[in-house]
file my_file12.cif (mmCIF, C-alpha atoms and all ligand atoms)
data_start
#
loop_
_atom_site.label_atom_id
_atom_site.label_comp_id
_atom_site.auth_asym_id
_atom_site.auth_seq_id
_atom_site.Cartn_x
_atom_site.Cartn_y
_atom_site.Cartn_z
CA MET A 52 12.76 16.78 -38.53
CA THR A 53 9.22 17.01 -37.32
CA HIS A 54 10.43 16.48 -33.76
CA THR A 55 12.57 19.60 -33.82
CA ALA A 56 9.93 21.74 -35.45
CA LYS A 57 7.38 20.75 -32.83
CA LEU A 58 9.83 21.30 -30.01
CA THR A 59 10.78 24.72 -31.20
CA ALA A 60 7.14 25.70 -31.25
CA VAL A 61 6.59 24.40 -27.73
CA SER A 62 9.56 26.15 -26.20
CA GLU A 63 9.37 29.28 -28.35
CA THR A 64 9.41 31.70 -25.48
CA ARG A 65 12.51 30.10 -24.03
CA SER A 66 14.50 29.73 -27.26
CA GLU A 67 17.16 32.26 -27.82
CA THR A 68 19.04 30.63 -30.64
CA SER A 69 17.85 28.75 -33.67
CA GLY A 70 18.84 25.13 -34.15
CA HIS A 71 18.64 23.50 -30.74
CA PRO A 72 15.53 24.24 -28.78
CA GLU A 73 16.91 25.42 -25.49
CA HIS A 74 16.09 23.48 -22.35
CA HIS A 75 12.95 21.73 -23.34
CA VAL A 76 11.63 18.79 -21.38
CA LEU A 77 11.79 15.29 -22.76
CA ALA A 78 9.95 12.30 -21.37
CA VAL A 79 12.07 9.16 -21.50
CA THR A 80 10.21 5.88 -21.02
CA VAL A 81 12.14 2.66 -20.43
CA ILE A 82 10.36 -0.69 -20.18
CA GLY A 83 11.73 -4.22 -20.23
CA ASP A 84 13.43 -7.03 -18.35
CA ASP A 85 15.00 -5.88 -15.11
CA ARG A 86 18.70 -6.23 -14.37
CA PRO A 87 21.09 -4.30 -12.12
CA GLY A 88 22.58 -1.16 -13.70
CA ILE A 89 19.74 0.12 -15.88
CA ILE A 90 19.29 3.38 -13.95
CA ALA A 91 23.03 3.99 -13.77
CA GLU A 92 23.34 3.56 -17.55
CA LEU A 93 20.22 5.59 -18.33
CA THR A 94 21.18 8.55 -16.17
CA ALA A 95 24.80 8.52 -17.37
CA ALA A 96 23.58 8.57 -20.97
CA LEU A 97 21.23 11.47 -20.20
CA ALA A 98 24.06 13.34 -18.47
CA SER A 99 26.24 12.87 -21.55
CA VAL A 100 23.79 14.99 -23.57
CA GLY A 101 23.40 17.61 -20.85
CA GLY A 102 20.11 16.24 -19.53
CA ASN A 103 19.05 17.35 -16.07
CA LEU A 104 16.69 14.92 -14.40
CA GLU A 105 13.45 16.34 -13.12
CA ASP A 106 10.57 14.19 -11.88
CA SER A 107 10.87 10.48 -12.37
CA THR A 108 9.21 7.28 -11.29
CA MET A 109 10.46 3.74 -11.56
CA THR A 110 9.13 0.45 -10.31
CA LEU A 111 9.13 -3.25 -11.03
CA LEU A 112 5.91 -4.61 -12.43
CA ARG A 113 6.14 -8.39 -12.00
CA GLY A 114 9.87 -8.21 -12.72
CA HIS A 115 9.49 -5.81 -15.64
CA PHE A 116 11.50 -2.64 -15.23
CA ALA A 117 9.25 0.39 -15.87
CA MET A 118 10.48 3.97 -15.68
CA VAL A 119 9.47 7.39 -16.87
CA VAL A 120 11.84 10.29 -16.35
CA LEU A 121 11.43 13.92 -17.33
CA ALA A 122 14.75 15.44 -18.35
CA ARG A 123 15.43 19.06 -19.18
CA THR A 124 18.01 19.37 -21.91
CA ASP A 125 18.98 21.42 -24.94
CA ALA A 126 19.69 18.27 -26.92
CA THR A 127 17.21 17.23 -29.56
CA VAL A 128 15.04 14.15 -29.32
CA GLY A 129 17.26 12.56 -31.96
CA GLU A 130 20.43 13.25 -30.00
CA VAL A 131 18.97 11.81 -26.84
CA GLU A 132 17.78 8.74 -28.75
CA VAL A 133 21.31 8.20 -30.05
CA ALA A 134 22.75 8.56 -26.55
CA LEU A 135 20.25 6.03 -25.16
CA ALA A 136 20.56 3.57 -28.06
CA PRO A 137 23.03 1.25 -26.22
CA LEU A 138 20.40 0.65 -23.52
CA GLY A 139 18.01 -0.88 -26.00
CA GLU A 140 20.62 -2.72 -28.03
CA SER A 141 20.21 -6.13 -26.42
CA GLY A 142 16.51 -6.06 -27.25
CA GLU A 143 15.51 -6.54 -23.61
CA LEU A 144 14.64 -2.89 -23.01
CA SER A 145 12.51 -0.60 -25.07
CA VAL A 146 13.30 3.11 -24.89
CA ASP A 147 11.05 5.93 -26.02
CA VAL A 148 11.93 9.62 -26.09
CA ARG A 149 9.42 12.35 -26.69
CA ALA A 150 9.00 16.03 -26.02
CA VAL A 151 6.43 17.09 -23.47
CA ARG A 152 4.89 20.46 -22.95
CA THR A 153 6.45 22.19 -19.98
CA ARG A 154 3.72 22.94 -17.53
CA GLU A 155 4.55 24.60 -14.28
CA ALA A 156 3.14 22.54 -11.44
CA SER A 157 0.17 21.49 -13.51
CA GLY A 158 -1.93 18.66 -12.23
CA MET A 159 -1.03 19.61 -8.68
CA PRO A 160 -3.93 19.93 -6.32
CA SER A 161 -4.52 23.55 -5.49
CA ALA A 162 -5.42 24.71 -2.01
CA ASP A 163 -9.17 24.40 -2.60
CA HIS A 164 -8.83 20.78 -3.78
CA SER A 165 -8.76 17.93 -1.34
CA ALA A 166 -6.98 14.61 -1.63
CA TYR A 167 -8.18 11.15 -0.72
CA LEU A 168 -6.70 7.70 -0.77
CA LEU A 169 -8.90 5.04 -2.32
CA ARG A 170 -8.06 1.47 -1.29
CA VAL A 171 -9.78 -1.48 -2.95
CA HIS A 172 -9.08 -5.19 -2.61
CA GLY A 173 -10.95 -8.33 -3.43
CA ALA A 174 -11.20 -11.37 -5.62
CA ASP A 175 -9.68 -10.75 -9.02
CA ARG A 176 -12.19 -10.21 -11.81
CA PRO A 177 -12.24 -8.08 -14.96
CA GLY A 178 -13.26 -4.46 -14.66
CA ILE A 179 -12.45 -3.53 -11.05
CA VAL A 180 -10.20 -0.60 -12.00
CA ALA A 181 -12.53 0.56 -14.77
CA ALA A 182 -15.56 0.49 -12.50
CA MET A 183 -13.92 2.28 -9.58
CA ALA A 184 -12.15 4.83 -11.80
CA GLY A 185 -15.48 5.40 -13.55
CA VAL A 186 -17.12 6.35 -10.27
CA VAL A 187 -14.26 8.73 -9.46
CA ALA A 188 -14.58 10.35 -12.90
CA GLN A 189 -18.37 10.77 -12.51
CA HIS A 190 -17.63 12.85 -9.42
CA HIS A 191 -15.03 14.92 -11.31
CA GLY A 192 -12.26 13.38 -9.25
CA ASN A 193 -8.80 13.20 -10.74
CA ILE A 194 -6.60 10.17 -10.09
CA VAL A 195 -3.11 11.62 -9.59
CA ASP A 196 -1.34 8.48 -8.40
CA LEU A 197 -2.26 4.85 -8.95
CA GLY A 198 -0.89 1.46 -7.99
CA THR A 199 -2.42 -1.95 -8.60
CA ARG A 200 -1.21 -5.42 -7.66
CA LEU A 201 -2.37 -8.88 -8.64
CA GLY A 202 -1.76 -11.68 -6.17
CA THR A 203 -3.03 -15.24 -6.04
CA ASP A 204 -6.70 -14.55 -6.79
CA LEU A 205 -6.38 -11.20 -4.95
CA TYR A 206 -6.57 -7.87 -6.74
CA ILE A 207 -5.49 -4.64 -5.03
CA LEU A 208 -6.04 -1.08 -6.24
CA MET A 209 -4.78 2.05 -4.50
CA ALA A 210 -5.36 5.50 -5.93
CA GLU A 211 -4.85 9.02 -4.75
CA VAL A 212 -7.89 11.00 -5.82
CA VAL A 213 -8.07 14.79 -5.94
CA LEU A 214 -11.54 16.31 -5.72
CA PRO A 215 -12.31 19.87 -6.81
CA SER A 216 -13.96 22.11 -4.27
CA GLY A 217 -17.72 21.73 -4.30
CA VAL A 218 -17.65 17.99 -4.77
CA ASP A 219 -19.06 16.18 -1.75
CA PRO A 220 -16.70 13.35 -0.75
CA GLU A 221 -19.57 11.63 1.05
CA LEU A 222 -21.44 11.19 -2.24
CA LEU A 223 -18.30 9.77 -3.85
CA ARG A 224 -17.80 7.51 -0.84
CA SER A 225 -21.31 6.09 -1.00
CA ASP A 226 -21.15 5.54 -4.76
CA LEU A 227 -17.80 3.78 -4.39
CA ALA A 228 -19.26 1.59 -1.64
CA ARG A 229 -22.25 0.68 -3.82
CA VAL A 230 -20.10 -0.27 -6.83
CA ALA A 231 -17.67 -2.15 -4.54
CA ARG A 232 -20.60 -4.20 -3.21
CA GLU A 233 -21.68 -4.99 -6.77
CA LEU A 234 -18.14 -6.13 -7.58
CA GLY A 235 -17.80 -8.03 -4.31
CA VAL A 236 -14.69 -6.11 -3.25
CA ASP A 237 -13.79 -4.05 -0.18
CA ALA A 238 -13.27 -0.33 -0.76
CA SER A 239 -12.49 2.61 1.49
CA LEU A 240 -11.83 6.29 0.89
CA SER A 241 -9.77 8.15 3.48
CA ASP A 242 -8.61 11.75 3.73
CA VAL A 243 -5.03 12.57 2.84
CA VAL A 244 -4.00 15.38 5.12
CA ASP A 245 -0.83 17.37 4.50
CA ASP A 246 0.73 18.28 7.80
CA LEU A 247 3.02 21.22 7.19
CA LEU A 248 5.68 21.09 9.87
CA MET B 21 -1.85 -16.37 30.90
CA PRO B 22 -4.14 -19.08 32.32
CA ASP B 23 -3.41 -22.68 31.25
CA LEU B 24 -5.08 -23.66 28.00
CA PRO B 25 -6.07 -27.07 26.62
CA VAL B 26 -4.00 -28.63 23.85
CA GLY B 27 -4.57 -26.67 20.68
CA SER B 28 -5.08 -27.93 17.15
CA ILE B 29 -3.32 -26.54 14.12
CA LEU B 30 -5.92 -24.87 11.92
CA GLN B 31 -5.88 -23.89 8.27
CA VAL B 32 -5.16 -20.16 7.76
CA VAL B 33 -7.56 -18.49 5.31
CA ARG B 34 -6.34 -16.00 2.72
CA ALA B 35 -7.72 -12.79 1.24
CA PRO B 36 -10.14 -12.32 -0.46
CA HIS B 37 -11.99 -14.68 1.93
CA PRO B 38 -15.00 -12.70 3.24
CA VAL B 39 -14.41 -13.66 6.89
CA LEU B 40 -11.32 -11.44 6.86
CA ALA B 41 -13.58 -8.46 6.14
CA THR B 42 -16.07 -9.37 8.85
CA ALA B 43 -15.96 -7.60 12.21
CA GLY B 44 -15.83 -10.07 15.07
CA ILE B 45 -18.54 -10.55 17.66
CA GLU B 46 -17.84 -9.98 21.36
CA VAL B 47 -17.10 -13.30 23.01
CA ASP B 48 -17.41 -14.84 26.45
CA PRO B 49 -13.78 -15.65 27.34
CA ARG B 50 -14.96 -18.42 29.71
CA ASP B 51 -16.89 -20.21 26.96
CA PRO B 52 -15.11 -23.57 26.37
CA ALA B 53 -15.34 -23.02 22.59
CA ILE B 54 -13.51 -19.69 22.97
CA VAL B 55 -10.91 -21.26 25.28
CA GLN B 56 -10.33 -23.94 22.63
CA LEU B 57 -10.11 -21.27 19.92
CA ALA B 58 -7.47 -19.46 22.01
CA ALA B 59 -5.44 -22.67 22.28
CA ASP B 60 -5.84 -23.35 18.54
CA LEU B 61 -4.66 -19.83 17.62
CA LEU B 62 -1.48 -20.23 19.70
CA ALA B 63 -0.88 -23.75 18.34
CA THR B 64 -1.30 -22.56 14.75
CA GLN B 65 0.88 -19.52 15.31
CA VAL B 66 3.71 -21.59 16.82
CA VAL B 67 4.05 -23.79 13.73
CA SER B 68 3.96 -20.83 11.32
CA PRO B 69 7.48 -19.46 10.75
CA GLY B 70 7.82 -15.74 11.39
CA CYS B 71 4.23 -15.45 12.59
CA VAL B 72 3.94 -13.06 15.56
CA GLY B 73 0.16 -12.97 15.82
CA LEU B 74 -3.00 -14.65 14.61
CA ALA B 75 -6.60 -13.51 14.80
CA ALA B 76 -9.78 -15.62 14.87
CA GLN B 77 -10.74 -14.27 11.41
CA GLN B 78 -7.60 -15.87 10.00
CA VAL B 79 -8.85 -19.31 10.99
CA GLY B 80 -12.32 -18.57 9.66
CA VAL B 81 -14.07 -17.32 12.81
CA ALA B 82 -15.46 -13.76 13.00
CA ALA B 83 -14.83 -13.26 16.72
CA ARG B 84 -12.89 -10.76 18.83
CA VAL B 85 -10.04 -13.10 19.79
CA PHE B 86 -6.37 -13.08 18.80
CA SER B 87 -3.01 -14.39 19.87
CA VAL B 88 0.31 -12.53 19.91
CA ASP B 89 3.86 -13.66 20.60
CA VAL B 90 6.72 -11.38 19.59
CA SER B 91 9.31 -13.02 21.86
CA GLY B 92 12.60 -13.61 20.12
CA HIS B 93 11.81 -11.21 17.31
CA PRO B 94 14.78 -8.91 16.63
CA LYS B 95 12.60 -5.77 16.59
CA THR B 96 10.97 -6.50 19.95
CA LYS B 97 11.57 -4.28 22.96
CA ILE B 98 8.80 -4.69 25.54
CA CYS B 99 7.45 -8.24 25.34
CA HIS B 100 4.61 -9.94 27.17
CA GLY B 101 5.37 -13.39 25.76
CA ALA B 102 2.69 -15.58 24.23
CA PHE B 103 -0.85 -14.56 25.11
CA VAL B 104 -4.42 -14.44 23.87
CA LEU B 105 -6.77 -11.50 24.29
CA CYS B 106 -10.54 -11.41 23.91
CA ASN B 107 -12.66 -8.32 23.21
CA ALA B 108 -9.55 -6.13 23.08
CA VAL B 109 -9.80 -2.40 22.57
CA ILE B 110 -7.14 0.25 22.13
CA GLU B 111 -7.08 2.71 25.03
CA SER B 112 -4.34 4.93 23.69
CA ALA B 113 -2.07 4.92 20.64
CA THR B 114 0.72 7.45 20.14
CA ARG B 115 4.05 7.96 18.34
CA LYS B 116 3.04 6.81 14.89
CA GLU B 117 5.83 5.50 12.69
CA ARG B 118 5.72 3.84 9.32
CA GLY B 119 6.88 0.25 9.00
CA ARG B 120 6.48 -2.58 6.52
CA GLU B 121 4.33 -5.50 7.58
CA GLY B 122 3.07 -8.77 6.18
CA CYS B 123 0.26 -11.15 7.06
CA MET B 124 -0.27 -14.89 6.68
CA SER B 125 -3.65 -14.11 5.13
CA VAL B 126 -2.09 -11.86 2.46
CA PRO B 127 0.89 -14.05 1.62
CA ASP B 128 1.94 -12.40 -1.65
CA PHE B 129 2.48 -8.88 -0.35
CA THR B 130 3.83 -6.60 2.33
CA GLY B 131 2.61 -3.06 2.97
CA ASP B 132 3.87 0.21 4.44
CA VAL B 133 1.62 1.12 7.34
CA ALA B 134 1.87 3.92 9.90
CA ARG B 135 1.10 2.57 13.36
CA ALA B 136 1.54 3.79 16.91
CA ARG B 137 4.71 2.70 18.70
CA ARG B 138 3.27 3.44 22.13
CA LEU B 139 0.12 1.53 22.91
CA VAL B 140 -2.23 0.75 25.75
CA VAL B 141 -4.69 -2.08 25.11
CA ARG B 142 -7.40 -3.50 27.36
CA GLY B 143 -8.75 -6.97 26.89
CA GLN B 144 -9.88 -10.14 28.61
CA LEU B 145 -7.86 -13.30 29.18
CA PRO B 146 -9.40 -16.59 28.08
CA VAL B 147 -10.51 -19.04 30.77
CA THR B 148 -10.79 -16.48 33.63
CA GLY B 149 -12.23 -13.55 31.72
CA GLU B 150 -9.99 -11.25 33.77
CA TRP B 151 -9.63 -7.77 32.29
CA VAL B 152 -5.99 -6.84 31.76
CA THR B 153 -4.29 -3.70 30.55
CA ILE B 154 -1.25 -4.15 28.34
CA GLU B 155 1.12 -1.25 27.95
CA THR B 156 3.72 -1.82 25.29
CA ASP B 157 5.91 -0.26 22.62
CA GLY B 158 7.62 -0.91 19.30
CA PHE B 159 7.06 -4.17 17.55
CA GLU B 160 4.62 -5.64 20.07
CA ALA B 161 2.51 -2.48 19.74
CA VAL B 162 2.46 -2.91 15.95
CA ALA B 163 1.51 -6.60 16.25
CA LEU B 164 -1.35 -5.80 18.63
CA GLN B 165 -2.78 -3.14 16.31
CA HIS B 166 -2.51 -5.51 13.33
CA GLU B 167 -4.41 -8.24 15.23
CA ILE B 168 -7.04 -5.89 16.66
CA ASP B 169 -7.60 -4.68 13.08
CA HIS B 170 -8.28 -8.31 12.06
CA THR B 171 -10.91 -8.58 14.80
CA ASP B 172 -12.51 -5.42 13.32
CA GLY B 173 -12.54 -7.02 9.87
CA LEU B 174 -9.57 -5.06 8.54
CA VAL B 175 -6.34 -6.26 6.96
CA PHE B 176 -3.18 -4.20 6.45
CA LEU B 177 -4.28 -3.47 2.87
CA ASP B 178 -6.98 -1.25 4.45
CA ARG B 179 -4.23 0.79 6.15
CA VAL B 180 -1.46 1.08 3.56
CA ALA B 181 0.09 4.51 3.28
CA GLY B 182 -0.34 5.23 -0.43
CA PRO B 183 -0.73 3.95 -3.99
CA HIS B 184 2.81 2.52 -4.01
CA ALA B 185 2.84 1.14 -0.49
CA VAL B 186 2.11 -2.51 -1.35
CA HIS B 187 5.12 -4.59 -2.31
CA PRO B 188 5.66 -8.12 -3.58
CA ARG B 189 6.83 -10.24 -0.67
CA ARG B 190 10.41 -11.29 -0.99
CA THR B 191 10.30 -14.68 0.68
CA TYR B 192 7.63 -17.32 0.69
CA LEU B 193 7.49 -19.14 3.97
ZN ZN C 301 -2.52 -10.53 9.72
#

call {"tool": "encode", "arguments": {"input": "my_file12.cif", "output": "structure tokens"}}
result
Amino acid sequence: MTHTAKLTAVSETRSETSGHPEHHVLAVTVIGDDRPGIIAELTAALASVGGNLEDSTMTLLRGHFAMVVLARTDATVGEVEVALAPLGESGELSVDVRAVRTREASGMPSADHSAYLLRVHGADRPGIVAAMAGVVAQHHGNIVDLGTRLGTDLYILMAEVVLPSGVDPELLRSDLARVARELGVDASLSDVVDDLL
Amino acid sequence: MPDLPVGSILQVVRAPHPVLATAGIEVDPRDPAIVQLAADLLATQVVSPGCVGLAAQQVGVAARVFSVDVSGHPKTKICHGAFVLCNAVIESATRKERGREGCMSVPDFTGDVARARRLVVRGQLPVTGEWVTIETDGFEAVALQHEIDHTDGLVFLDRVAGPHAVHPRRTYL
């Protein structure tokens, strides 16, 4: 099994026994028609193979259930796939299981990074997200959280952007404003301040 | 509130109409056109189910005028009834809490917005132009901030709390 070989390599330092890679992290993606009970069934199936849930996110995208969950388990990808098979049986949900590299707190903004919330809304047209994300990327900003919504002729984009130290947010702000004007949308960039209480 | 003429029911514009992103001009509250606008805002608000406030921008006019009426709303504590304010400014805003709000001009969505629950607003009444100070709390405070935002050319989408803070609206009125 290529899966297992890859997993063993990834979690080498943690593995104590051969056979099952011990406590690796699997990403389980579930997408399809929403109905009550999907999360209950998914988490019960993961529990049945000793999966411990770590970070997860789930939302409805125009009525489509969409979830990604990271689960730490010593079960193989194949075993987890078997456990989750009943979820996908009706054909209304598609389930994907894959190993991910365990990274401790990677992608988290460090103390010398600063976070901003970008809000954009305007008439729907192709390329709004690409254009705004392109400006963020030019300024070495990293989008760490993103949500978009399409209404009746109205398109909304909200993104949390992390800037490395040394990047001037004012330059990003003025470039975003210029591109927003070209697109005919409203855009604003505001500080996200963590209040530690 | 001074007596107003009979108001007309106006069409409410929807985002992305540019007037919603246009800051309003200061108005003369004694100007008959502004007095009529005040009456029209209240008349339009009354016939719109669940509507607790309406700003001039929402009927296509970039002016610093809005109406508010939170009476009868289950979340209301302090309530000043139905009124119109011109040229309103926030004097103080404290005790921020997050709530979920909607808007007739953004009919498809609601958004999570942090707004002050203690508020002092100064503004002028139509007809007389008298300056009044309104001290309020809770839901009326939220409604006033939402409407004053409209007069500044802002909608709640400009205030939402994060990337996942805009939600499909559950009911279509
Ligand atoms: Zn509104």

call {"tool": "interface_residues", "arguments": {"input": "my_file12.cif", "of": "chain A", "to": "chain B", "cutoff": "8 Å", "atoms": "all atoms listed in the file", "output": "count of residues only"}}
result
21

call {"tool": "atom_distance", "arguments": {"input": "my_file12.cif", "atom1": "atom CA of Pro22 of chain B", "atom2": "atom CA of Phe103 of chain B"}}
result
9.1 Å

call {"tool": "atom_distance", "arguments": {"input": "my_file12.cif", "atom1": "atom CA of Asp169 of chain B", "atom2": "atom CA of Asp242 of chain A"}}
result
18.9 Å

call {"tool": "closest_atom_pairs", "arguments": {"input": "my_file12.cif", "of": "segment 79-192 of chain B", "to": "segment 43-51 of chain B", "cutoff": "9 Å", "atoms": "all atoms listed in the file", "output": "Markdown table"}}
result
| residue | atom | partner | partner_atom | distance |
| --- | --- | --- | --- | --- |
| B:Val81 | CA | B:Gly44 | CA | 7.8 |
| B:Ala82 | CA | B:Gly44 | CA | 4.2 |
| B:Ala83 | CA | B:Gly44 | CA | 3.7 |
| B:Arg84 | CA | B:Gly44 | CA | 4.8 |
| B:Val85 | CA | B:Val47 | CA | 7.8 |
| B:Leu105 | CA | B:Pro49 | CA | 8.7 |
| B:Cys106 | CA | B:Pro49 | CA | 6.3 |
| B:Asn107 | CA | B:Glu46 | CA | 5.7 |
| B:Gln144 | CA | B:Pro49 | CA | 6.9 |
| B:Leu145 | CA | B:Pro49 | CA | 6.6 |
| B:Pro146 | CA | B:Pro49 | CA | 4.5 |
| B:Val147 | CA | B:Arg50 | CA | 4.6 |
| B:Thr148 | CA | B:Arg50 | CA | 6.0 |
| B:Gly149 | CA | B:Pro49 | CA | 5.1 |
| B:Glu150 | CA | B:Pro49 | CA | 8.7 |
| B:Asp169 | CA | B:Ala43 | CA | 8.9 |
| B:His170 | CA | B:Ala43 | CA | 7.7 |
| B:Thr171 | CA | B:Gly44 | CA | 5.1 |
| B:Asp172 | CA | B:Ala43 | CA | 4.2 |
| B:Gly173 | CA | B:Ala43 | CA | 4.2 |
| B:Leu174 | CA | B:Ala43 | CA | 7.8 |

call {"tool": "write_last_selection", "arguments": {"input": "my_file12.cif", "atoms": "C-alpha atoms", "output": "short mmCIF file (atom, residue, chain, number, x, y, z; two decimals), in the coordinates of the input"}}
result
data_model
loop_
_atom_site.label_atom_id
_atom_site.label_comp_id
_atom_site.auth_asym_id
_atom_site.auth_seq_id
_atom_site.Cartn_x
_atom_site.Cartn_y
_atom_site.Cartn_z
CA VAL B 81 -14.07 -17.32 12.81
CA ALA B 82 -15.46 -13.76 13.00
CA ALA B 83 -14.83 -13.26 16.72
CA ARG B 84 -12.89 -10.76 18.83
CA VAL B 85 -10.04 -13.10 19.79
CA LEU B 105 -6.77 -11.50 24.29
CA CYS B 106 -10.54 -11.41 23.91
CA ASN B 107 -12.66 -8.32 23.21
CA GLN B 144 -9.88 -10.14 28.61
CA LEU B 145 -7.86 -13.30 29.18
CA PRO B 146 -9.40 -16.59 28.08
CA VAL B 147 -10.51 -19.04 30.77
CA THR B 148 -10.79 -16.48 33.63
CA GLY B 149 -12.23 -13.55 31.72
CA GLU B 150 -9.99 -11.25 33.77
CA ASP B 169 -7.60 -4.68 13.08
CA HIS B 170 -8.28 -8.31 12.06
CA THR B 171 -10.91 -8.58 14.80
CA ASP B 172 -12.51 -5.42 13.32
CA GLY B 173 -12.54 -7.02 9.87
CA LEU B 174 -9.57 -5.06 8.54
#

call {"tool": "residues_around", "arguments": {"input": "my_file12.cif", "residues": "segment 94-101 of chain A", "least_positions_apart": "3", "cutoff": "7 Å", "atoms": "only C-alpha atoms", "output": "VMD selection string"}}
result
chain A and resid 90 to 91 124 126 131 134 to 135

call {"tool": "write_last_selection", "arguments": {"input": "my_file12.cif", "atoms": "C-alpha atoms", "output": "mmCIF file, keeping the file's coordinate frame"}}
result
data_model
loop_
_atom_site.group_PDB
_atom_site.id
_atom_site.type_symbol
_atom_site.label_atom_id
_atom_site.label_comp_id
_atom_site.auth_asym_id
_atom_site.auth_seq_id
_atom_site.Cartn_x
_atom_site.Cartn_y
_atom_site.Cartn_z
ATOM 1 C CA ILE A 90 19.290 3.380 -13.950
ATOM 2 C CA ALA A 91 23.030 3.990 -13.770
ATOM 3 C CA THR A 124 18.010 19.370 -21.910
ATOM 4 C CA ALA A 126 19.690 18.270 -26.920
ATOM 5 C CA VAL A 131 18.970 11.810 -26.840
ATOM 6 C CA ALA A 134 22.750 8.560 -26.550
ATOM 7 C CA LEU A 135 20.250 6.030 -25.160
#

call {"tool": "residues_near_ligand", "arguments": {"input": "my_file12.cif", "ligand": "ligand ZN 301 (chain C)", "cutoff": "8 Å", "atoms": "all atoms listed in the file", "output": "list in words"}}
result
Gly73, Leu74, Ala75, Gln78, Gly122, Cys123, Met124, Ser125, Val126, His166, Glu167, His170, Val175 and Phe176 of chain B

call {"tool": "atom_distance", "arguments": {"input": "my_file12.cif", "atom1": "atom CA of Cys71 of chain B", "atom2": "atom CA of Ala163 of chain B"}}
result
10.0 Å

call {"tool": "closest_residue", "arguments": {"input": "my_file12.cif", "among": "B:Gly92, B:Gly80, B:Pro69, B:Gly131", "to": "Gln31 of chain B", "atoms": "all atoms listed in the file"}}
result
B:Gly80

call {"tool": "residues_around", "arguments": {"input": "my_file12.cif", "residues": "Asp84 of chain A", "least_positions_apart": "3", "cutoff": "6 Å", "atoms": "all atoms listed in the file", "output": "list of chain:residue names"}}
result
A:His115, A:Phe116, A:Glu143

call {"tool": "residues_around", "arguments": {"input": "my_file12.cif", "residues": "segment 146-150 of chain A", "least_positions_apart": "3", "cutoff": "7 Å", "atoms": "all atoms listed in the file", "output": "ChimeraX atom specification"}}
result
/A:58,76-82,128,132,139
